[in-house]
Amino acid sequence: MAPQKISGNYVDLFHGTIYPATIEIERGIITSVHRKERSEATYVLPGFVDSHIHIESSMLPPSEFARLALPHGILATVSDPHEIGNVLGVEGIEYMIENGATVPFKFFFGAPPCVPATVFETAGARIGPEEIRYLLNKKEIKFLSEVMNFPGVIHKDPEMMAKIAIARELHKRIDGHAPGVRGEDLNRYIAAGIETDHECTTLDEAREKMAKGLKILIREGSAARDFDALFPLLKDHPEKCMFCSDDLDPHSLSQGSINLLVKRAIAKGIDPIQALRCGSKNGIEHYGLEVGLLRVGDQADFIEVDNLKNLNVLRAYVNGTCVAQHGKPQFARILPQIINRFEAHKRSPADFQIRDSGNPVKIIEAFDGLLTTRQIEAHLPIKNGLLLPDLSNDILKIAVLNRYEKKALPAIGFIKNFGLKKGAIASSIAHDSHNLIAVGTSDEMLCKAINAVIGHKGGIAIADDSTEECLPLPIAGLMSDKEGLWTANQLQKLENKAKALGSPLSSPFMTLSFMALLVIPSLKMSDKGLFDSSRFSFI
């Protein structure tokens, strides 16, 4: 068989040069790169890598995620499967590996050490040291996923330290998660063996962490957007930076991800070679991924773009095969298997009542584009001894219901800045244990939205006085079994309806999903009650 030949302006990320060349490929491997005299119309460069993402947050299984990502030149992901791990444990992680192997995309999964993320919530599974060793010995598992229990590391919790010790013994990379951790606490965290952080929201924090040896993943997802704040790192220390999405809903994924960050960096004056390294080479080398970088002997993983300004992807190749062309995947979709754990039964409006204690109420204050929240206090309206939302001050009710027990009752609190003037929104995506979470203007609306999700054994729903609508997520209550663009369009419809009910948030359901994430400061909601993440204790 004659070698496959592809010509273009060859982008060499190792030597920082660009020149016209013809690449020859045999059996999926680059066998030669021949320099040419005449400039070509297109550019050939390594494909993009998302250096930290939870595939489940796209509401798609890996096989369908690939169909939306490849047309944008994303050929590989460093994927933390702790979302499905919290629901189904090792079984869920193996599901992700097996499903991902059905498509021509390079998924690299980690072993999640924080399942459950804390002892202050109910999860569907537990992953202990034995399970971590089992997972890290699998060839598909490349690293220890983000160590979110930073207090456990700082104070040397025996089980947490045992998991890290196993990763070090097996020479696996160790991902960090240290929002706002500074000074001596940061020193202790890094000393345990942590190597990266994707939770920096300020330049000062990122620079301290980088100076102490951490590589910084600049995150731009659907809920957390840190690119603009951290952009100066690309000027000072691009070799220590990678790009990541962390959490990306299907509509955002359909618009692009890492390709857009590279494009933005170049538009802000960053040298294209440095920007491209942050979007591919740095992640591939740090994690030791089997992804080609256009060298002779590498696997033929690359993309062809129109130019280095617009970065419009014309074709994407994995192992020498064209897997996407002109915005379309070049392979058929796989019908995914359904796997789930869901026991919650429908509730009544009375289950969402909360009695007045006579004290000011502690309230979660949420912010658009941030995972962090703030604690505020207020006196709320009272009727028949029951606390009510205060719509005039944008203070609504929030509820979290354990989905793993049939007779559990919801934990109730109050939250500011969701903006709903009527109705409620609910979801079975509630990081990280993925209980049911809802925000609404009344007990009746909270109940109606949560019951819609329960009826489908997982999904995201919106309800008002006259209607209710739900996007079913039958795979672990996290992912759709439908085509990716259909799922993206359905989500967008629900987002638009939430905004029509008054929400000013750019991504209401994604923001909602993080209001139960106890490892991100400062005030969050567990299925067991209101939780102060700064003190790691219940209110």
# chains A, B, ... in the order shown; residues from 1 in each chain; ligands from 1
call {"tool": "residues_around", "arguments": {"residues": "range 100-110 of chain A", "least_positions_apart": "4", "cutoff": "6 Å", "atoms": "only C-alpha atoms", "output": "PyMOL selection string"}}
result
chain A and resi 62-63+75-80+96+141-145
call {"tool": "residues_around", "arguments": {"residues": "Cys241 in chain A", "least_positions_apart": "3", "cutoff": "9 Å", "atoms": "only C-alpha atoms", "output": "list in words"}}
result
Lys215, Ile216, Leu217, Ile218, Leu233, Leu234, His237, Pro238, Arg277, Cys278, Gly279, Asn282 and Gly283 of chain A
call {"tool": "atom_distance", "arguments": {"atom1": "CA of Pro329 in chain A", "atom2": "CA of Leu68 in chain A"}}
result
7.6 Å
call {"tool": "atom_distance", "arguments": {"atom1": "CA of Asp228 in chain A", "atom2": "CA of Glu208 in chain A"}}
result
17.7 Å
call {"tool": "residues_around", "arguments": {"residues": "range 380-396 of chain A", "least_positions_apart": "4", "cutoff": "10 Å", "atoms": "only C-alpha atoms", "output": "PDB file with N, CA and C atoms, in the first residue's frame"}}
result
ATOM      1  N   GLN A 353     -40.996  22.570  53.080  1.00  0.00           N
ATOM      2  CA  GLN A 353     -41.215  23.663  54.032  1.00  0.00           C
ATOM      3  C   GLN A 353     -40.048  23.766  55.006  1.00  0.00           C
ATOM      4  N   ILE A 354     -39.804  24.975  55.502  1.00  0.00           N
ATOM      5  CA  ILE A 354     -38.772  25.185  56.517  1.00  0.00           C
ATOM      6  C   ILE A 354     -39.289  26.180  57.540  1.00  0.00           C
ATOM      7  N   ARG A 355     -39.200  25.799  58.813  1.00  0.00           N
ATOM      8  CA  ARG A 355     -39.758  26.616  59.897  1.00  0.00           C
ATOM      9  C   ARG A 355     -38.808  27.737  60.286  1.00  0.00           C
ATOM     10  N   ASP A 356     -39.387  28.839  60.680  1.00  0.00           N
ATOM     11  CA  ASP A 356     -38.620  29.993  61.149  1.00  0.00           C
ATOM     12  C   ASP A 356     -38.052  29.697  62.537  1.00  0.00           C
ATOM     13  N   SER A 357     -36.753  29.985  62.705  1.00  0.00           N
ATOM     14  CA  SER A 357     -36.096  29.773  63.994  1.00  0.00           C
ATOM     15  C   SER A 357     -36.015  31.062  64.807  1.00  0.00           C
ATOM     16  N   GLY A 358     -36.406  32.170  64.190  1.00  0.00           N
ATOM     17  CA  GLY A 358     -36.309  33.458  64.859  1.00  0.00           C
ATOM     18  C   GLY A 358     -34.991  34.162  64.651  1.00  0.00           C
ATOM     19  N   ASN A 359     -34.051  33.501  63.993  1.00  0.00           N
ATOM     20  CA  ASN A 359     -32.731  34.076  63.745  1.00  0.00           C
ATOM     21  C   ASN A 359     -32.609  34.532  62.295  1.00  0.00           C
ATOM     22  N   PRO A 360     -31.656  35.434  62.010  1.00  0.00           N
ATOM     23  CA  PRO A 360     -31.374  35.754  60.604  1.00  0.00           C
ATOM     24  C   PRO A 360     -30.990  34.485  59.846  1.00  0.00           C
ATOM     25  N   VAL A 361     -31.355  34.414  58.585  1.00  0.00           N
ATOM     26  CA  VAL A 361     -31.115  33.218  57.788  1.00  0.00           C
ATOM     27  C   VAL A 361     -29.791  33.352  57.027  1.00  0.00           C
ATOM     28  N   ILE A 363     -27.598  32.623  53.939  1.00  0.00           N
ATOM     29  CA  ILE A 363     -28.011  32.475  52.544  1.00  0.00           C
ATOM     30  C   ILE A 363     -26.789  32.297  51.656  1.00  0.00           C
ATOM     31  N   ILE A 364     -26.891  31.379  50.679  1.00  0.00           N
ATOM     32  CA  ILE A 364     -25.851  31.210  49.667  1.00  0.00           C
ATOM     33  C   ILE A 364     -25.986  32.333  48.646  1.00  0.00           C
ATOM     34  N   GLU A 365     -24.898  33.052  48.392  1.00  0.00           N
ATOM     35  CA  GLU A 365     -24.900  34.044  47.320  1.00  0.00           C
ATOM     36  C   GLU A 365     -24.072  33.495  46.167  1.00  0.00           C
ATOM     37  N   GLY A 413     -32.624  25.194  51.975  1.00  0.00           N
ATOM     38  CA  GLY A 413     -31.961  26.438  52.327  1.00  0.00           C
ATOM     39  C   GLY A 413     -32.432  27.554  51.417  1.00  0.00           C
ATOM     40  N   PHE A 414     -31.643  28.629  51.391  1.00  0.00           N
ATOM     41  CA  PHE A 414     -31.989  29.787  50.553  1.00  0.00           C
ATOM     42  C   PHE A 414     -30.768  30.233  49.766  1.00  0.00           C
ATOM     43  N   ILE A 415     -31.021  30.804  48.590  1.00  0.00           N
ATOM     44  CA  ILE A 415     -29.943  31.186  47.686  1.00  0.00           C
ATOM     45  C   ILE A 415     -30.300  32.485  46.970  1.00  0.00           C
ATOM     46  N   LYS A 416     -29.291  33.289  46.695  1.00  0.00           N
ATOM     47  CA  LYS A 416     -29.480  34.590  46.031  1.00  0.00           C
ATOM     48  C   LYS A 416     -28.802  34.586  44.665  1.00  0.00           C
ATOM     49  N   ASN A 417     -29.395  35.321  43.728  1.00  0.00           N
ATOM     50  CA  ASN A 417     -28.838  35.629  42.405  1.00  0.00           C
ATOM     51  C   ASN A 417     -29.215  34.633  41.310  1.00  0.00           C
ATOM     52  N   PHE A 418     -30.169  33.733  41.558  1.00  0.00           N
ATOM     53  CA  PHE A 418     -30.651  32.897  40.456  1.00  0.00           C
ATOM     54  C   PHE A 418     -31.725  33.617  39.640  1.00  0.00           C
ATOM     55  N   GLY A 419     -32.378  34.606  40.222  1.00  0.00           N
ATOM     56  CA  GLY A 419     -33.197  35.532  39.459  1.00  0.00           C
ATOM     57  C   GLY A 419     -34.566  35.070  39.024  1.00  0.00           C
ATOM     58  N   LEU A 420     -34.960  33.846  39.302  1.00  0.00           N
ATOM     59  CA  LEU A 420     -36.278  33.379  38.856  1.00  0.00           C
ATOM     60  C   LEU A 420     -37.391  34.216  39.480  1.00  0.00           C
ATOM     61  N   LYS A 421     -38.346  34.622  38.657  1.00  0.00           N
ATOM     62  CA  LYS A 421     -39.506  35.375  39.131  1.00  0.00           C
ATOM     63  C   LYS A 421     -40.694  34.453  39.364  1.00  0.00           C
ATOM     64  N   LYS A 422     -40.642  33.272  38.773  1.00  0.00           N
ATOM     65  CA  LYS A 422     -41.646  32.247  39.004  1.00  0.00           C
ATOM     66  C   LYS A 422     -41.041  30.903  38.607  1.00  0.00           C
ATOM     67  N   ALA A 424     -39.412  26.935  38.865  1.00  0.00           N
ATOM     68  CA  ALA A 424     -38.248  26.294  39.471  1.00  0.00           C
ATOM     69  C   ALA A 424     -37.470  25.542  38.408  1.00  0.00           C
ATOM     70  N   VAL A 439     -33.733  24.856  42.538  1.00  0.00           N
ATOM     71  CA  VAL A 439     -33.925  26.221  43.019  1.00  0.00           C
ATOM     72  C   VAL A 439     -35.283  26.676  42.507  1.00  0.00           C
ATOM     73  N   GLY A 440     -36.077  27.285  43.414  1.00  0.00           N
ATOM     74  CA  GLY A 440     -37.400  27.691  42.968  1.00  0.00           C
ATOM     75  C   GLY A 440     -38.020  28.776  43.818  1.00  0.00           C
ATOM     76  N   THR A 441     -39.159  29.246  43.332  1.00  0.00           N
ATOM     77  CA  THR A 441     -39.836  30.378  43.952  1.00  0.00           C
ATOM     78  C   THR A 441     -40.873  29.970  44.997  1.00  0.00           C
ATOM     79  N   SER A 442     -41.166  28.665  45.102  1.00  0.00           N
ATOM     80  CA  SER A 442     -42.143  28.190  46.090  1.00  0.00           C
ATOM     81  C   SER A 442     -41.942  26.707  46.312  1.00  0.00           C
ATOM     82  N   ASP A 443     -42.536  26.198  47.392  1.00  0.00           N
ATOM     83  CA  ASP A 443     -42.455  24.764  47.677  1.00  0.00           C
ATOM     84  C   ASP A 443     -43.108  23.950  46.565  1.00  0.00           C
ATOM     85  N   GLY A 502     -36.667  34.633  34.293  1.00  0.00           N
ATOM     86  CA  GLY A 502     -35.994  35.707  35.015  1.00  0.00           C
ATOM     87  C   GLY A 502     -34.542  35.489  35.341  1.00  0.00           C
ATOM     88  N   SER A 503     -33.994  34.289  35.114  1.00  0.00           N
ATOM     89  CA  SER A 503     -32.606  34.052  35.513  1.00  0.00           C
ATOM     90  C   SER A 503     -31.643  34.849  34.651  1.00  0.00           C
TER      91      SER A 503
END
call {"tool": "residues_around", "arguments": {"residues": "range 151-165 of chain A", "least_positions_apart": "4", "cutoff": "9 Å", "atoms": "only C-alpha atoms", "output": "list in words"}}
result
Pro113, Cys114, Gly128, Pro129, Glu130, Ile132, Arg133, Leu144, Val147, Glu169, Leu170, Ile174, Asp185, Leu186, Asn187, Arg188, Tyr189, Ala192, Gly193, Ile194 and Phe536 of chain A
call {"tool": "select_by_dssp", "arguments": {"residues": "range 254-477 of chain A", "states": "strand (DSSP E)", "output": "PDB file with C-alpha atoms, in the first residue's frame"}}
result
ATOM      1  CA  PHE A 302      -3.145  16.051  13.693  1.00  0.00           C
ATOM      2  CA  ILE A 303      -5.471  18.669  12.260  1.00  0.00           C
ATOM      3  CA  GLU A 304      -5.565  20.794   9.134  1.00  0.00           C
ATOM      4  CA  VAL A 305      -6.694  24.420   9.574  1.00  0.00           C
ATOM      5  CA  VAL A 313     -10.577  23.088  11.354  1.00  0.00           C
ATOM      6  CA  LEU A 314     -10.897  21.644   7.871  1.00  0.00           C
ATOM      7  CA  ARG A 315     -10.007  18.052   8.756  1.00  0.00           C
ATOM      8  CA  ALA A 316      -8.993  16.100  11.849  1.00  0.00           C
ATOM      9  CA  TYR A 317      -6.985  12.866  11.819  1.00  0.00           C
ATOM     10  CA  VAL A 318      -6.539  10.179  14.457  1.00  0.00           C
ATOM     11  CA  THR A 321      -7.687   8.314   9.557  1.00  0.00           C
ATOM     12  CA  CYS A 322      -9.789  11.367   8.806  1.00  0.00           C
ATOM     13  CA  VAL A 323     -12.314  11.404  11.651  1.00  0.00           C
ATOM     14  CA  ALA A 324     -13.871  14.843  11.060  1.00  0.00           C
ATOM     15  CA  GLN A 325     -14.173  17.069   8.024  1.00  0.00           C
ATOM     16  CA  LYS A 328     -18.858  16.894  10.632  1.00  0.00           C
ATOM     17  CA  PRO A 329     -17.690  13.659  12.275  1.00  0.00           C
ATOM     18  CA  VAL A 361     -31.115  33.218  57.788  1.00  0.00           C
ATOM     19  CA  LYS A 362     -27.742  32.289  56.329  1.00  0.00           C
ATOM     20  CA  ILE A 363     -28.011  32.475  52.544  1.00  0.00           C
ATOM     21  CA  ILE A 364     -25.851  31.210  49.667  1.00  0.00           C
ATOM     22  CA  GLU A 365     -24.900  34.044  47.320  1.00  0.00           C
ATOM     23  CA  ARG A 374     -20.445  33.886  49.511  1.00  0.00           C
ATOM     24  CA  GLN A 375     -22.352  33.660  52.773  1.00  0.00           C
ATOM     25  CA  ILE A 376     -24.791  36.457  53.566  1.00  0.00           C
ATOM     26  CA  GLU A 377     -27.581  36.864  56.139  1.00  0.00           C
ATOM     27  CA  ALA A 378     -31.087  38.271  55.909  1.00  0.00           C
ATOM     28  CA  ILE A 382     -42.731  34.415  57.309  1.00  0.00           C
ATOM     29  CA  LYS A 383     -46.201  32.924  56.905  1.00  0.00           C
ATOM     30  CA  LEU A 386     -42.743  29.050  57.739  1.00  0.00           C
ATOM     31  CA  LEU A 387     -39.900  30.874  55.981  1.00  0.00           C
ATOM     32  CA  ILE A 395     -33.684  35.171  47.419  1.00  0.00           C
ATOM     33  CA  LEU A 396     -35.125  31.784  46.424  1.00  0.00           C
ATOM     34  CA  LYS A 397     -35.331  28.350  48.009  1.00  0.00           C
ATOM     35  CA  ILE A 398     -32.735  25.687  47.262  1.00  0.00           C
ATOM     36  CA  ALA A 399     -33.271  21.975  47.929  1.00  0.00           C
ATOM     37  CA  VAL A 400     -31.001  18.928  47.705  1.00  0.00           C
ATOM     38  CA  LEU A 401     -32.582  15.453  47.847  1.00  0.00           C
ATOM     39  CA  ALA A 411     -32.386  19.478  52.799  1.00  0.00           C
ATOM     40  CA  ILE A 412     -33.654  23.041  52.387  1.00  0.00           C
ATOM     41  CA  GLY A 413     -31.961  26.438  52.327  1.00  0.00           C
ATOM     42  CA  PHE A 414     -31.989  29.787  50.553  1.00  0.00           C
ATOM     43  CA  ILE A 415     -29.943  31.186  47.686  1.00  0.00           C
ATOM     44  CA  LYS A 416     -29.480  34.590  46.031  1.00  0.00           C
ATOM     45  CA  ALA A 424     -38.248  26.294  39.471  1.00  0.00           C
ATOM     46  CA  ILE A 425     -35.354  24.450  37.868  1.00  0.00           C
ATOM     47  CA  ALA A 426     -34.028  21.049  38.969  1.00  0.00           C
ATOM     48  CA  SER A 427     -31.289  18.598  38.030  1.00  0.00           C
ATOM     49  CA  LEU A 436     -31.137  16.009  43.124  1.00  0.00           C
ATOM     50  CA  ILE A 437     -30.839  19.779  43.350  1.00  0.00           C
ATOM     51  CA  ALA A 438     -33.417  22.474  42.681  1.00  0.00           C
ATOM     52  CA  VAL A 439     -33.925  26.221  43.019  1.00  0.00           C
ATOM     53  CA  GLY A 440     -37.400  27.691  42.968  1.00  0.00           C
ATOM     54  CA  GLY A 459     -32.472  14.672  33.996  1.00  0.00           C
ATOM     55  CA  ILE A 460     -32.750  18.444  34.082  1.00  0.00           C
ATOM     56  CA  ALA A 461     -36.160  20.031  34.368  1.00  0.00           C
ATOM     57  CA  ILE A 462     -37.968  23.333  34.478  1.00  0.00           C
ATOM     58  CA  ALA A 463     -41.466  23.977  35.807  1.00  0.00           C
ATOM     59  CA  GLU A 468     -43.032  21.308  33.102  1.00  0.00           C
ATOM     60  CA  GLU A 469     -40.326  20.039  30.772  1.00  0.00           C
ATOM     61  CA  CYS A 470     -37.468  17.600  31.328  1.00  0.00           C
ATOM     62  CA  LEU A 471     -34.382  16.557  29.375  1.00  0.00           C
ATOM     63  CA  PRO A 472     -33.934  12.898  30.419  1.00  0.00           C
TER      64      PRO A 472
END
call {"tool": "residues_around", "arguments": {"residues": "Ile93 in chain A", "least_positions_apart": "6", "cutoff": "8 Å", "atoms": "only C-alpha atoms", "output": "list in words"}}
result
Pro81, His82, Ile84 and Gly85 of chain A
call {"tool": "closest_atom_pairs", "arguments": {"of": "range 401-506 of chain A", "to": "range 343-349 of chain A", "cutoff": "10 Å", "atoms": "only C-alpha atoms", "output": "Markdown table"}}
result
| residue | atom | partner | partner_atom | distance |
| --- | --- | --- | --- | --- |
| A:Leu401 | CA | A:Ala344 | CA | 8.0 |
| A:Asn402 | CA | A:Ala344 | CA | 6.9 |
| A:Arg403 | CA | A:Ala344 | CA | 4.6 |
| A:Tyr404 | CA | A:Glu343 | CA | 5.0 |
| A:Glu405 | CA | A:Glu343 | CA | 5.4 |
| A:Lys406 | CA | A:Ala344 | CA | 4.7 |
| A:Lys407 | CA | A:His345 | CA | 7.1 |
| A:Ala408 | CA | A:Ala344 | CA | 7.4 |
| A:Leu409 | CA | A:Arg347 | CA | 8.1 |
| A:Pro410 | CA | A:Arg347 | CA | 8.9 |
| A:Asn435 | CA | A:Ala344 | CA | 9.2 |
| A:Leu436 | CA | A:Ala344 | CA | 8.8 |
| A:Ser442 | CA | A:Pro349 | CA | 8.7 |
| A:Asp443 | CA | A:Pro349 | CA | 5.1 |
| A:Glu444 | CA | A:Pro349 | CA | 5.0 |
| A:Met445 | CA | A:Pro349 | CA | 8.0 |
| A:Leu446 | CA | A:Pro349 | CA | 7.5 |
| A:Cys447 | CA | A:Pro349 | CA | 5.4 |
| A:Lys448 | CA | A:Pro349 | CA | 8.1 |
| A:Ile450 | CA | A:Lys346 | CA | 7.8 |
| A:Asn451 | CA | A:Lys346 | CA | 5.3 |
| A:Ala452 | CA | A:Lys346 | CA | 8.6 |
| A:Val453 | CA | A:Lys346 | CA | 9.2 |
| A:Ile454 | CA | A:Lys346 | CA | 6.3 |
| A:Gly455 | CA | A:Lys346 | CA | 7.6 |
| A:Lys457 | CA | A:Glu343 | CA | 8.0 |
| A:Gly458 | CA | A:Ala344 | CA | 9.9 |
call {"tool": "closest_residue", "arguments": {"among": "A:Thr31, A:Leu70, A:Val519, A:Leu261", "to": "Gln330 in chain A", "atoms": "only C-alpha atoms"}}
result
A:Leu70
call {"tool": "select_by_dssp", "arguments": {"residues": "range 8-93 of chain A", "states": "helix (DSSP H, G or I)", "output": "list in words"}}
result
Ile55, Glu56, Ser57, Ser58, Pro62, Ser63, Glu64, Phe65, Ala66, Arg67, Leu68, Ala69, Leu70, Pro71, His72, His82, Glu83, Ile84, Gly85, Asn86, Val87, Leu88, Val90, Glu91, Gly92 and Ile93 of chain A
call {"tool": "write_last_selection", "arguments": {"atoms": "N, CA and C atoms", "output": "PDB file, in the first residue's frame"}}
result
ATOM      1  N   ILE A  55     -16.001  14.388  31.344  1.00  0.00           N
ATOM      2  CA  ILE A  55     -16.811  14.121  30.160  1.00  0.00           C
ATOM      3  C   ILE A  55     -18.305  14.143  30.512  1.00  0.00           C
ATOM      4  N   GLU A  56     -18.637  13.636  31.700  1.00  0.00           N
ATOM      5  CA  GLU A  56     -20.041  13.540  32.095  1.00  0.00           C
ATOM      6  C   GLU A  56     -20.738  14.894  32.111  1.00  0.00           C
ATOM      7  N   SER A  57     -19.987  15.971  32.359  1.00  0.00           N
ATOM      8  CA  SER A  57     -20.612  17.297  32.416  1.00  0.00           C
ATOM      9  C   SER A  57     -21.132  17.756  31.063  1.00  0.00           C
ATOM     10  N   SER A  58     -20.686  17.106  30.010  1.00  0.00           N
ATOM     11  CA  SER A  58     -21.217  17.413  28.683  1.00  0.00           C
ATOM     12  C   SER A  58     -22.596  16.799  28.475  1.00  0.00           C
ATOM     13  N   PRO A  62     -18.882   9.224  26.396  1.00  0.00           N
ATOM     14  CA  PRO A  62     -17.678   9.520  25.607  1.00  0.00           C
ATOM     15  C   PRO A  62     -17.870   9.369  24.102  1.00  0.00           C
ATOM     16  N   SER A  63     -18.603   8.340  23.684  1.00  0.00           N
ATOM     17  CA  SER A  63     -18.770   8.097  22.247  1.00  0.00           C
ATOM     18  C   SER A  63     -19.457   9.268  21.557  1.00  0.00           C
ATOM     19  N   GLU A  64     -20.382   9.923  22.248  1.00  0.00           N
ATOM     20  CA  GLU A  64     -21.079  11.060  21.637  1.00  0.00           C
ATOM     21  C   GLU A  64     -20.315  12.357  21.857  1.00  0.00           C
ATOM     22  N   PHE A  65     -19.610  12.470  22.977  1.00  0.00           N
ATOM     23  CA  PHE A  65     -18.722  13.605  23.209  1.00  0.00           C
ATOM     24  C   PHE A  65     -17.732  13.734  22.051  1.00  0.00           C
ATOM     25  N   ALA A  66     -17.169  12.628  21.626  1.00  0.00           N
ATOM     26  CA  ALA A  66     -16.174  12.637  20.552  1.00  0.00           C
ATOM     27  C   ALA A  66     -16.742  13.230  19.266  1.00  0.00           C
ATOM     28  N   ARG A  67     -17.999  12.952  18.988  1.00  0.00           N
ATOM     29  CA  ARG A  67     -18.608  13.433  17.743  1.00  0.00           C
ATOM     30  C   ARG A  67     -18.771  14.950  17.730  1.00  0.00           C
ATOM     31  N   LEU A  68     -18.886  15.564  18.909  1.00  0.00           N
ATOM     32  CA  LEU A  68     -18.963  17.027  18.965  1.00  0.00           C
ATOM     33  C   LEU A  68     -17.579  17.661  19.067  1.00  0.00           C
ATOM     34  N   ALA A  69     -16.629  16.971  19.680  1.00  0.00           N
ATOM     35  CA  ALA A  69     -15.303  17.561  19.908  1.00  0.00           C
ATOM     36  C   ALA A  69     -14.396  17.499  18.689  1.00  0.00           C
ATOM     37  N   LEU A  70     -14.404  16.390  17.986  1.00  0.00           N
ATOM     38  CA  LEU A  70     -13.457  16.199  16.873  1.00  0.00           C
ATOM     39  C   LEU A  70     -13.573  17.252  15.769  1.00  0.00           C
ATOM     40  N   PRO A  71     -14.765  17.691  15.389  1.00  0.00           N
ATOM     41  CA  PRO A  71     -14.836  18.728  14.345  1.00  0.00           C
ATOM     42  C   PRO A  71     -14.144  20.029  14.722  1.00  0.00           C
ATOM     43  N   HIS A  72     -13.893  20.251  16.023  1.00  0.00           N
ATOM     44  CA  HIS A  72     -13.181  21.443  16.474  1.00  0.00           C
ATOM     45  C   HIS A  72     -11.696  21.170  16.708  1.00  0.00           C
ATOM     46  N   HIS A  82     -14.827  11.215  37.912  1.00  0.00           N
ATOM     47  CA  HIS A  82     -15.355  11.114  39.270  1.00  0.00           C
ATOM     48  C   HIS A  82     -16.852  11.400  39.351  1.00  0.00           C
ATOM     49  N   GLU A  83     -17.444  11.972  38.306  1.00  0.00           N
ATOM     50  CA  GLU A  83     -18.890  12.198  38.342  1.00  0.00           C
ATOM     51  C   GLU A  83     -19.623  10.855  38.340  1.00  0.00           C
ATOM     52  N   ILE A  84     -19.343  10.026  37.358  1.00  0.00           N
ATOM     53  CA  ILE A  84     -19.998   8.715  37.322  1.00  0.00           C
ATOM     54  C   ILE A  84     -19.440   7.815  38.415  1.00  0.00           C
ATOM     55  N   GLY A  85     -18.188   8.078  38.847  1.00  0.00           N
ATOM     56  CA  GLY A  85     -17.627   7.322  39.955  1.00  0.00           C
ATOM     57  C   GLY A  85     -18.427   7.505  41.231  1.00  0.00           C
ATOM     58  N   ASN A  86     -18.931   8.716  41.466  1.00  0.00           N
ATOM     59  CA  ASN A  86     -19.731   8.986  42.655  1.00  0.00           C
ATOM     60  C   ASN A  86     -21.093   8.299  42.600  1.00  0.00           C
ATOM     61  N   VAL A  87     -21.553   8.000  41.413  1.00  0.00           N
ATOM     62  CA  VAL A  87     -22.846   7.341  41.256  1.00  0.00           C
ATOM     63  C   VAL A  87     -22.695   5.824  41.255  1.00  0.00           C
ATOM     64  N   LEU A  88     -21.699   5.315  40.519  1.00  0.00           N
ATOM     65  CA  LEU A  88     -21.602   3.878  40.260  1.00  0.00           C
ATOM     66  C   LEU A  88     -20.256   3.262  40.608  1.00  0.00           C
ATOM     67  N   VAL A  90     -16.440   1.953  40.634  1.00  0.00           N
ATOM     68  CA  VAL A  90     -15.547   1.397  39.617  1.00  0.00           C
ATOM     69  C   VAL A  90     -16.330   0.965  38.384  1.00  0.00           C
ATOM     70  N   GLU A  91     -17.528   0.439  38.583  1.00  0.00           N
ATOM     71  CA  GLU A  91     -18.356   0.014  37.449  1.00  0.00           C
ATOM     72  C   GLU A  91     -18.598   1.175  36.484  1.00  0.00           C
ATOM     73  N   GLY A  92     -18.855   2.362  37.032  1.00  0.00           N
ATOM     74  CA  GLY A  92     -19.094   3.521  36.185  1.00  0.00           C
ATOM     75  C   GLY A  92     -17.854   3.951  35.434  1.00  0.00           C
ATOM     76  N   ILE A  93     -16.698   3.892  36.087  1.00  0.00           N
ATOM     77  CA  ILE A  93     -15.438   4.277  35.431  1.00  0.00           C
ATOM     78  C   ILE A  93     -15.123   3.316  34.292  1.00  0.00           C
TER      79      ILE A  93
END
call {"tool": "closest_residue", "arguments": {"among": "A:Ile520, A:Leu371, A:Ile18, A:Val262", "to": "Met148 in chain A", "atoms": "only C-alpha atoms"}}
result
A:Ile520
call {"tool": "closest_residue", "arguments": {"among": "A:Lys309, A:Ala516, A:Ser507, A:Lys497", "to": "Ser428 in chain A", "atoms": "only C-alpha atoms"}}
result
A:Ala516
call {"tool": "residues_around", "arguments": {"residues": "range 210-214 of chain A", "least_positions_apart": "4", "cutoff": "8 Å", "atoms": "only C-alpha atoms", "output": "VMD selection string"}}
result
chain A and resid 187 190 194 to 197 206 240
call {"tool": "atom_distance", "arguments": {"atom1": "CA of Ser252 in chain A", "atom2": "CA of Ala476 in chain A"}}
result
21.3 Å
call {"tool": "closest_residue", "arguments": {"among": "A:Gln255, A:Lys268, A:Lys499, A:Arg126", "to": "Lys235 in chain A", "atoms": "only C-alpha atoms"}}
result
A:Lys268
call {"tool": "residues_around", "arguments": {"residues": "Gly292 in chain A", "least_positions_apart": "6", "cutoff": "12 Å", "atoms": "only C-alpha atoms", "output": "PyMOL selection string"}}
result
chain A and resi 13+28-30+45-49+75-76+106+280-281+283-285+298-303+317-320
call {"tool": "closest_residue", "arguments": {"among": "A:Thr22, A:Thr17, A:Asn340, A:Ser51", "to": "Arg38 in chain A", "atoms": "only C-alpha atoms"}}
result
A:Thr22
